[in-house]
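S.K.: Sharing start-v9.csv below, CSV, C-alpha atoms:
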chain,number,residue,atom,x,y,z
O,1,MET,CA,-6.2,-9.9,10.3
O,2,PHE,CA,-5.0,-9.1,6.8
O,3,LYS,CA,-7.9,-8.8,4.5
O,4,GLY,CA,-10.2,-6.5,2.6
O,5,SER,CA,-9.4,-2.9,1.6
O,6,MET,CA,-6.2,-1.6,3.0
O,7,VAL,CA,-4.5,1.7,2.1
O,8,ALA,CA,-0.8,2.4,1.2
O,9,LEU,CA,-0.9,5.8,2.9
O,10,ILE,CA,0.5,9.0,1.3
O,11,THR,CA,2.9,11.0,3.5
O,12,PRO,CA,1.7,14.6,3.3
O,13,PHE,CA,4.3,17.4,3.2
O,14,ASP,CA,4.1,21.1,4.1
O,15,ASN,CA,6.9,23.2,2.7
O,16,GLY,CA,9.2,20.2,2.7
O,17,ALA,CA,8.4,18.8,6.1
O,18,VAL,CA,6.1,15.9,7.1
O,19,ASP,CA,2.7,17.4,7.9
O,20,GLU,CA,2.0,15.4,11.1
O,21,ASP,CA,-1.4,16.9,11.7
O,22,CYS,CA,-2.6,16.2,8.2
O,23,PHE,CA,-1.3,12.7,8.4
O,24,SER,CA,-3.2,12.0,11.6
O,25,ARG,CA,-6.4,13.4,10.1
O,26,LEU,CA,-5.9,11.1,7.1
O,27,VAL,CA,-5.7,8.1,9.4
O,28,ASP,CA,-8.9,9.0,11.2
O,29,TRP,CA,-10.7,9.6,7.8
O,30,GLN,CA,-9.5,6.3,6.4
O,31,ILE,CA,-10.9,4.3,9.4
O,32,ASP,CA,-14.2,6.3,9.4
O,33,GLU,CA,-14.6,5.4,5.6
O,34,GLY,CA,-14.2,1.7,6.2
O,35,THR,CA,-10.6,1.0,5.4
O,36,GLU,CA,-9.5,-2.3,7.1
O,37,GLY,CA,-5.7,-1.7,7.4
O,38,LEU,CA,-3.2,1.1,7.2
O,39,ILE,CA,0.2,0.8,5.6
O,40,PRO,CA,2.5,3.8,6.4
O,41,VAL,CA,5.9,4.5,4.7
O,42,GLY,CA,5.6,2.3,1.7
O,43,THR,CA,6.3,3.3,-1.8
O,44,THR,CA,3.2,5.5,-1.8
O,45,GLY,CA,4.4,7.1,1.4
O,46,GLU,CA,7.6,8.1,-0.3
O,47,SER,CA,9.8,6.1,2.0
O,48,PRO,CA,12.8,6.4,-0.4
O,49,THR,CA,13.0,10.1,0.4
O,50,LEU,CA,12.2,10.1,4.1
O,51,SER,CA,15.1,10.2,6.6
O,52,HIS,CA,15.3,7.4,9.0
O,53,GLU,CA,13.9,9.7,11.7
O,54,GLU,CA,11.0,10.8,9.6
O,55,HIS,CA,10.3,7.1,8.6
O,56,MET,CA,10.1,6.0,12.2
O,57,ARG,CA,8.1,9.1,13.3
O,58,VAL,CA,5.4,8.4,10.6
O,59,VAL,CA,5.1,4.8,11.8
O,60,GLU,CA,4.7,6.0,15.4
O,61,LEU,CA,2.1,8.5,14.4
O,62,CYS,CA,0.1,5.9,12.5
O,63,VAL,CA,0.1,3.4,15.3
O,64,LYS,CA,-0.8,6.0,17.9
O,65,ARG,CA,-3.7,7.5,15.8
O,66,ALA,CA,-5.1,4.1,14.8
O,67,ALA,CA,-5.2,3.1,18.4
O,68,GLY,CA,-5.9,-0.5,17.6
O,69,ARG,CA,-9.0,0.2,15.5
O,70,VAL,CA,-7.4,-1.4,12.4
O,71,PRO,CA,-4.1,-3.2,11.8
O,72,VAL,CA,-1.1,-1.1,11.0
O,73,ILE,CA,1.4,-2.8,8.6
O,74,ALA,CA,4.6,-0.7,8.7
O,75,GLY,CA,6.9,-0.5,5.7
O,76,THR,CA,10.3,-1.7,6.8
O,77,GLY,CA,11.9,-2.9,3.6
O,78,SER,CA,15.4,-1.9,2.4
O,79,ASN,CA,18.0,-3.3,0.0
O,80,SER,CA,20.2,-3.5,3.1
O,81,THR,CA,19.2,-6.3,5.4
O,82,ARG,CA,20.8,-4.5,8.4
O,83,GLU,CA,18.7,-1.4,7.7
O,84,ALA,CA,15.5,-3.4,7.2
O,85,ILE,CA,16.1,-5.1,10.6
O,86,GLU,CA,16.6,-1.7,12.2
O,87,PHE,CA,13.2,-0.5,10.8
O,88,ALA,CA,11.6,-3.8,11.8
O,89,ARG,CA,12.7,-3.6,15.4
O,90,HIS,CA,11.5,0.0,15.6
O,91,ALA,CA,8.1,-0.9,14.1
O,92,SER,CA,7.7,-3.7,16.6
O,93,ALA,CA,8.6,-1.4,19.5
O,94,ALA,CA,6.2,1.2,18.2
O,95,GLY,CA,3.3,-1.3,18.3
O,96,ALA,CA,2.8,-2.0,14.6
O,97,ASP,CA,0.8,-5.2,13.9
O,98,ALA,CA,3.0,-6.4,11.0
O,99,GLN,CA,5.6,-5.2,8.6
O,100,LEU,CA,5.6,-4.9,4.8
O,101,VAL,CA,9.0,-5.9,3.4
O,102,VAL,CA,9.8,-5.2,-0.2
O,103,THR,CA,12.2,-7.5,-2.0
O,104,PRO,CA,15.6,-5.9,-2.0
O,105,TYR,CA,16.0,-3.6,-5.0
O,106,TYR,CA,19.0,-2.5,-7.0
O,107,ASN,CA,21.5,-5.1,-5.7
O,108,LYS,CA,19.4,-8.0,-7.3
O,109,PRO,CA,19.9,-10.9,-4.9
O,110,THR,CA,19.3,-14.5,-6.1
O,111,GLN,CA,16.4,-16.6,-4.8
O,112,ALA,CA,18.8,-18.0,-2.2
O,113,GLY,CA,19.7,-14.4,-1.2
O,114,LEU,CA,16.0,-13.6,-0.8
O,115,ILE,CA,15.5,-16.6,1.5
O,116,ASP,CA,18.5,-15.5,3.7
O,117,HIS,CA,17.3,-11.9,3.7
O,118,TYR,CA,13.7,-12.7,4.9
O,119,THR,CA,15.0,-15.3,7.3
O,120,ALA,CA,17.2,-12.8,9.0
O,121,LEU,CA,14.3,-10.4,9.3
O,122,HIS,CA,12.1,-13.2,10.6
O,123,ASP,CA,14.6,-14.0,13.3
O,124,ALA,CA,15.2,-10.4,14.3
O,125,THR,CA,11.6,-9.8,15.7
O,126,ASP,CA,8.3,-11.5,16.3
O,127,LEU,CA,6.5,-9.0,14.0
O,128,PRO,CA,4.6,-10.8,11.2
O,129,ILE,CA,6.1,-10.2,7.7
O,130,ILE,CA,4.1,-9.5,4.5
O,131,ILE,CA,6.5,-10.0,1.6
O,132,TYR,CA,6.2,-7.3,-1.0
O,133,ASN,CA,6.9,-8.7,-4.5
O,134,ILE,CA,7.0,-5.9,-7.1
O,135,PRO,CA,9.3,-6.8,-10.0
O,136,PRO,CA,8.7,-3.5,-11.9
O,137,ARG,CA,10.3,-1.5,-9.1
O,138,SER,CA,12.7,-4.0,-7.5
O,139,VAL,CA,13.8,-5.8,-10.8
O,140,ILE,CA,13.7,-9.3,-9.2
O,141,ASP,CA,10.7,-11.6,-8.9
O,142,MET,CA,10.3,-13.9,-5.9
O,143,THR,CA,9.3,-17.3,-7.3
O,144,VAL,CA,6.3,-19.2,-5.9
O,145,GLU,CA,8.8,-21.9,-4.8
O,146,THR,CA,10.8,-19.4,-2.8
O,147,MET,CA,7.7,-18.0,-1.2
O,148,ALA,CA,6.5,-21.4,-0.3
O,149,GLN,CA,9.8,-22.1,1.5
O,150,LEU,CA,9.6,-18.8,3.4
O,151,ALA,CA,5.9,-19.5,4.3
O,152,LYS,CA,7.1,-22.4,6.5
O,153,LEU,CA,8.5,-19.8,8.9
O,154,PRO,CA,5.9,-18.9,11.6
O,155,HIS,CA,6.1,-15.1,11.2
O,156,ILE,CA,5.9,-15.0,7.4
O,157,ALA,CA,2.3,-14.1,7.1
O,158,GLY,CA,1.6,-13.3,3.5
O,159,VAL,CA,2.4,-11.4,0.3
O,160,LYS,CA,1.5,-8.2,-1.4
O,161,ASP,CA,1.6,-9.3,-5.0
O,162,ALA,CA,2.2,-6.5,-7.5
O,163,THR,CA,3.1,-8.7,-10.4
O,164,ALA,CA,-0.3,-8.3,-12.1
O,165,LYS,CA,0.0,-12.0,-13.1
O,166,LEU,CA,-3.4,-13.4,-12.4
O,167,ASP,CA,-2.2,-17.0,-12.3
O,168,ARG,CA,0.2,-16.1,-9.5
O,169,PRO,CA,-2.3,-15.8,-6.6
O,170,LEU,CA,-3.8,-19.3,-7.1
O,171,ALA,CA,-0.4,-20.8,-7.5
O,172,THR,CA,0.7,-19.1,-4.3
O,173,ARG,CA,-2.4,-20.3,-2.4
O,174,LEU,CA,-1.8,-23.9,-3.4
O,175,ALA,CA,1.9,-23.7,-2.5
O,176,CYS,CA,1.7,-21.6,0.7
O,177,GLY,CA,-1.6,-22.9,2.3
O,178,PRO,CA,-4.9,-21.5,3.5
O,179,ASP,CA,-3.5,-19.2,6.2
O,180,PHE,CA,-1.1,-17.3,4.0
O,181,ALA,CA,-2.5,-13.8,3.3
O,182,ILE,CA,-2.6,-13.0,-0.4
O,183,LEU,CA,-3.0,-9.2,-1.0
O,184,SER,CA,-3.1,-7.4,-4.3
O,185,GLY,CA,-0.6,-4.6,-4.8
O,186,GLU,CA,-2.1,-3.5,-8.0
O,187,ASP,CA,-5.5,-1.7,-7.9
O,188,ALA,CA,-6.6,-2.5,-11.5
O,189,THR,CA,-6.4,-6.3,-10.9
O,190,ALA,CA,-7.5,-6.4,-7.2
O,191,LEU,CA,-11.0,-7.9,-7.9
O,192,ALA,CA,-9.5,-10.4,-10.2
O,193,LEU,CA,-7.0,-11.4,-7.5
O,194,LEU,CA,-9.9,-12.0,-5.1
O,195,ALA,CA,-11.4,-14.4,-7.6
O,196,GLN,CA,-8.0,-16.2,-7.7
O,197,SER,CA,-8.0,-17.0,-4.0
O,198,GLY,CA,-6.9,-13.6,-2.8
O,199,ASP,CA,-7.8,-12.0,0.5
O,200,GLY,CA,-7.6,-8.2,-0.1
O,201,CYS,CA,-5.7,-5.3,-1.5
O,202,ILE,CA,-3.1,-2.8,-0.3
O,203,SER,CA,-4.4,0.1,-2.4
O,204,VAL,CA,-3.2,3.4,-3.8
O,205,THR,CA,-6.7,4.4,-4.9
O,206,ALA,CA,-8.0,4.0,-1.4
O,207,ASN,CA,-6.2,7.2,-0.5
O,208,VAL,CA,-9.0,9.1,-2.2
O,209,ALA,CA,-11.8,6.5,-2.6
O,210,PRO,CA,-11.7,4.5,0.6
O,211,ARG,CA,-15.4,4.0,1.1
O,212,LEU,CA,-16.0,2.7,-2.4
O,213,LEU,CA,-13.1,0.2,-2.2
O,214,ALA,CA,-14.2,-0.9,1.3
O,215,SER,CA,-17.7,-1.5,-0.1
O,216,MET,CA,-16.3,-3.5,-3.1
O,217,HIS,CA,-14.4,-5.9,-0.8
O,218,LYS,CA,-17.3,-6.3,1.6
O,219,ALA,CA,-19.7,-6.9,-1.3
O,220,TRP,CA,-17.3,-9.6,-2.6
O,221,ARG,CA,-17.1,-11.3,0.8
O,222,ALA,CA,-20.9,-11.2,1.2
O,223,GLY,CA,-21.3,-12.9,-2.2
O,224,ASN,CA,-22.7,-9.8,-3.9
O,225,ILE,CA,-20.6,-10.3,-6.9
O,226,GLU,CA,-22.6,-7.9,-9.2
O,227,GLU,CA,-22.1,-5.0,-6.8
O,228,ALA,CA,-18.4,-5.7,-6.5
O,229,ILE,CA,-18.1,-5.7,-10.3
O,230,ARG,CA,-20.1,-2.5,-10.6
O,231,ILE,CA,-17.8,-0.7,-8.2
O,232,ASN,CA,-14.7,-2.1,-9.8
O,233,GLU,CA,-15.9,-0.9,-13.3
O,234,LEU,CA,-16.7,2.6,-11.8
O,235,LEU,CA,-13.2,2.9,-10.4
O,236,MET,CA,-11.2,1.6,-13.3
O,237,PRO,CA,-10.6,5.1,-14.9
O,238,LEU,CA,-9.4,6.4,-11.5
O,239,HIS,CA,-7.0,3.4,-11.1
O,240,GLU,CA,-5.6,4.2,-14.5
O,241,ALA,CA,-5.3,8.0,-13.8
O,242,LEU,CA,-3.5,7.5,-10.5
O,243,PHE,CA,-0.7,5.7,-12.3
O,244,CYS,CA,-0.5,8.1,-15.3
O,245,GLU,CA,2.8,9.2,-13.8
O,246,ALA,CA,5.1,7.8,-11.1
O,247,SER,CA,3.1,7.3,-7.9
O,248,PRO,CA,2.4,9.1,-5.6
O,249,GLY,CA,2.4,12.2,-7.8
O,250,PRO,CA,-1.1,11.7,-9.3
O,251,VAL,CA,-2.7,10.5,-6.1
O,252,LYS,CA,-1.3,13.4,-4.1
O,253,TYR,CA,-2.8,15.7,-6.7
O,254,ALA,CA,-6.1,14.0,-6.4
O,255,ALA,CA,-6.0,14.3,-2.6
O,256,SER,CA,-5.3,18.0,-3.0
O,257,LEU,CA,-8.4,18.4,-5.2
O,258,MET,CA,-10.5,16.8,-2.5
O,259,GLY,CA,-9.0,19.0,0.3
O,260,LEU,CA,-7.3,16.1,2.0
O,261,ALA,CA,-3.6,17.0,1.7
O,262,SER,CA,-1.1,19.1,-0.2
O,263,PRO,CA,0.0,17.8,-3.7
O,264,GLU,CA,3.7,18.3,-2.6
O,265,THR,CA,6.2,15.5,-3.3
O,266,ARG,CA,9.9,15.3,-2.8
O,267,LEU,CA,12.5,15.2,-5.5
O,268,PRO,CA,13.2,13.4,-7.7
O,269,LEU,CA,9.4,13.3,-8.0
O,270,THR,CA,8.0,16.6,-9.3
O,271,GLU,CA,4.6,18.2,-9.9
O,272,ILE,CA,2.7,16.2,-12.4
O,273,ALA,CA,2.1,17.5,-16.0
O,274,GLU,CA,-0.9,19.5,-17.0
O,275,SER,CA,-2.2,16.7,-19.2
O,276,SER,CA,-1.9,14.3,-16.2
O,277,LYS,CA,-3.8,16.7,-14.0
O,278,ARG,CA,-6.7,16.8,-16.5
O,279,GLN,CA,-6.8,13.0,-16.5
O,280,VAL,CA,-6.9,12.9,-12.7
O,281,GLU,CA,-9.6,15.5,-12.6
O,282,ALA,CA,-11.7,13.7,-15.2
O,283,ALA,CA,-11.4,10.4,-13.3
O,284,LEU,CA,-12.4,12.0,-10.0
O,285,GLU,CA,-15.4,13.6,-11.7
O,286,HIS,CA,-16.4,10.3,-13.2
O,287,VAL,CA,-16.5,8.7,-9.8
O,288,GLY,CA,-18.2,11.7,-8.3
O,289,LEU,CA,-15.5,12.5,-5.8
O,290,TRP,CA,-14.3,15.9,-7.1
O,291,SER,CA,-17.8,17.3,-7.4
O,292,ALA,CA,-18.6,16.1,-3.9
O,293,ALA,CA,-15.4,17.7,-2.6
O,294,ARG,CA,-16.3,21.0,-4.3
O,295,GLU,CA,-19.8,20.9,-2.8
O,296,ALA,CA,-18.5,20.3,0.7
O,297,ALA,CA,-16.1,23.2,0.4
O,298,GLU,CA,-18.9,25.5,-0.6
What's the structure tokens form of this structure?

M.R.:
Amino acid sequence: MFKGSMVALITPFDNGAVDEDCFSRLVDWQIDEGTEGLIPVGTTGESPTLSHEEHMRVVELCVKRAAGRVPVIAGTGSNSTREAIEFARHASAAGADAQLVVTPYYNKPTQAGLIDHYTALHDATDLPIIIYNIPPRSVIDMTVETMAQLAKLPHIAGVKDATAKLDRPLATRLACGPDFAILSGEDATALALLAQSGDGCISVTANVAPRLLASMHKAWRAGNIEEAIRINELLMPLHEALFCEASPGPVKYAASLMGLASPETRLPLTEIAESSKRQVEAALEHVGLWSAAREAAE
């Protein structure tokens, strides 16, 4: 179920409020473009600044609009285990196919604390869990040994690995077994992760280049390695540009240039700098996405 090109969806805003119509259109567009999984209310979806009501509403919208066409993996993570369980139970009731659970941030639990946190979430619902290991944001790093212990639980289904350590996926595969989904959480190393026993990517860049990324993953699975490499090389400047400032500021600006959504973010994120805008524009032009969007508008 969890493979190929998946997207960490942006949450579009309109004058401070969640733009539900725009979000629903984005879901349809992603599926039409070949995206194989949808992840609402993750970091890219600005979950830290959504109210609980907004968070749950976006999950509901995503599940309803996807209508079973592709899996929906709802962001449910929190640095409060009780809060994460609340989000998990809601996602399960809403009909999500799985949940993405970031390692608890700020309070810095030990590896034993991580095991207890994920075990409590595991026992609270039957919803499969994708562990989200992203040390740059959460400070802590779940070890391969800890992950292997958690992988023994039946509902621990995989990991979104955003460590950018290219030895990690293979070590995880050997420790956690063939059925444990290993997904990249870092666009620039996604293809390399596939070569190191990975299964797919939960992508930021797919918000604006879903067809290209879906094609890259399908080419890899078909054994067309040269085509996968070609697409990856084409997209590298865009991957870099979309992280020239804190995400999702750059990708929302890119989406606005393509007529997909407003560039609006919520504080403490602000409008990206003019120099960052030029970098995003150049990267979109390099890929051919901005010129295509302008031609469509005309």

S.K.: Could you check how far atom CA of O:Ile39 sits from atom CA of O:Ile73, in Å to one decimal?

M.R.: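 We find that atom CA of O:Ile39 and atom CA of O:Ile73 lie 4.8 Å from each other.
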
S.K.: Work out how far atom CA of O:Arg173 is from atom CA of O:Ile231, in Å to one decimal.

M.R.: 25.6 Å

S.K.: Check the smallest atom-to-atom distance from each of O:Ser203, O:Thr143, O:Thr110, O:Ser92 to O:Pro248 using all atoms listed in the file, then report the winner.

M.R.: O:Ser203

S.K.: Neighbouring residues of O:Thr163 were defined as those with any atom within 12 Å, considering all atoms listed in the file; residues of the same chain fewer than 2 positions away were excluded. Please report them as a PyMOL selection string.

M.R.: chain O and resi 132-144+159-161+165-169+183-190+193

S.K.: Using atom CA of O:Leu61 and atom CA of O:Ser24 as the two end points, give the distance in Å to one decimal.

M.R.: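 Taking atom CA of O:Leu61 and atom CA of O:Ser24, their separation equals 6.9 Å.
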
S.K.: Using all atoms listed in the file, pick whichever of O:Gln30, O:Gln111, O:Gln99, O:Thr44 has the shortest atom-to-atom distance to O:Ala66.

M.R.: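 Closest to O:Ala66, using all atoms listed in the file: O:Gln30.
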
S.K.: Nearest to O:Leu153 among O:Val70, O:Leu38, O:Ala181, O:Ile115, with distances taken over all atoms listed in the file: which residue is it?

M.R.: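 Looking at the shortest contact to O:Leu153, the residue is O:Ile115.
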
S.K.: Please list as a short mmCIF file (atom, residue, chain, number, x, y, z; two decimals) with C-alpha atoms, in the frame of the given file every residue within 10 Å of O:Lys252, counting only C-alpha atoms and excluding residues in the same chain fewer than 2 positions away.

M.R.:
data_model
loop_
_atom_site.label_atom_id
_atom_site.label_comp_id
_atom_site.auth_asym_id
_atom_site.auth_seq_id
_atom_site.Cartn_x
_atom_site.Cartn_y
_atom_site.Cartn_z
CA ILE O 10 0.50 9.00 1.30
CA THR O 11 2.90 11.00 3.50
CA PRO O 12 1.70 14.60 3.30
CA THR O 44 3.20 5.50 -1.80
CA ASN O 207 -6.20 7.20 -0.50
CA VAL O 208 -9.00 9.10 -2.20
CA LEU O 242 -3.50 7.50 -10.50
CA SER O 247 3.10 7.30 -7.90
CA PRO O 248 2.40 9.10 -5.60
CA GLY O 249 2.40 12.20 -7.80
CA PRO O 250 -1.10 11.70 -9.30
CA ALA O 254 -6.10 14.00 -6.40
CA ALA O 255 -6.00 14.30 -2.60
CA SER O 256 -5.30 18.00 -3.00
CA LEU O 257 -8.40 18.40 -5.20
CA MET O 258 -10.50 16.80 -2.50
CA LEU O 260 -7.30 16.10 2.00
CA ALA O 261 -3.60 17.00 1.70
CA SER O 262 -1.10 19.10 -0.20
CA PRO O 263 0.00 17.80 -3.70
CA GLU O 264 3.70 18.30 -2.60
CA THR O 265 6.20 15.50 -3.30
CA GLU O 271 4.60 18.20 -9.90
CA ILE O 272 2.70 16.20 -12.40
#

S.K.: Using all atoms listed in the file and a cutoff of 9 Å, can you tell me which residues are near (1.9, -24.5, -1.0) in the file's coordinates, and write them out as a ChimeraX atom specification?

M.R.: /O:144-145,147-149,151,171-178

S.K.: My list of candidates is O:Leu150, O:Val41, O:Arg266, O:Ala209. Which is closest to O:Ala17 when distances are computed with all atoms listed in the file?

M.R.: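 The answer is O:Arg266, which sits nearest to O:Ala17.
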
S.K.: Determine, counting only C-alpha atoms, which protein, DNA and RNA residues have an atom within 6 Å of an atom of O:Leu9; residues of the same chain fewer than 2 positions away are not included. Present the result as a compact mmCIF listing (two decimals) with C-alpha atoms, in the frame of the given file.

M.R.:
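Dumped everything to out18.txt:
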# COMPACT_ATOMS: atom_id res chain seq x y z
CA VAL O 7 -4.50 1.70 2.10
CA ILE O 39 0.20 0.80 5.60
CA PRO O 40 2.50 3.80 6.40
CA GLY O 45 4.40 7.10 1.40

S.K.: Which residue, O:Tyr106, O:Phe2, O:Trp290, O:Tyr118, has the smallest gap to O:Ile182 when you use all atoms listed in the file?

M.R.: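 Answer, going by the shortest atom-to-atom distance: O:Phe2.
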
S.K.: Name the residues in contact with stretch 277-280 of chain O at a cut-off of 9 Å, using only C-alpha atoms, excluding same-chain residues fewer than 3 positions from it; report them as a ChimeraX atom specification.

M.R.: /O:237-238,240-242,244,250-251,253-254,272-274,283-285
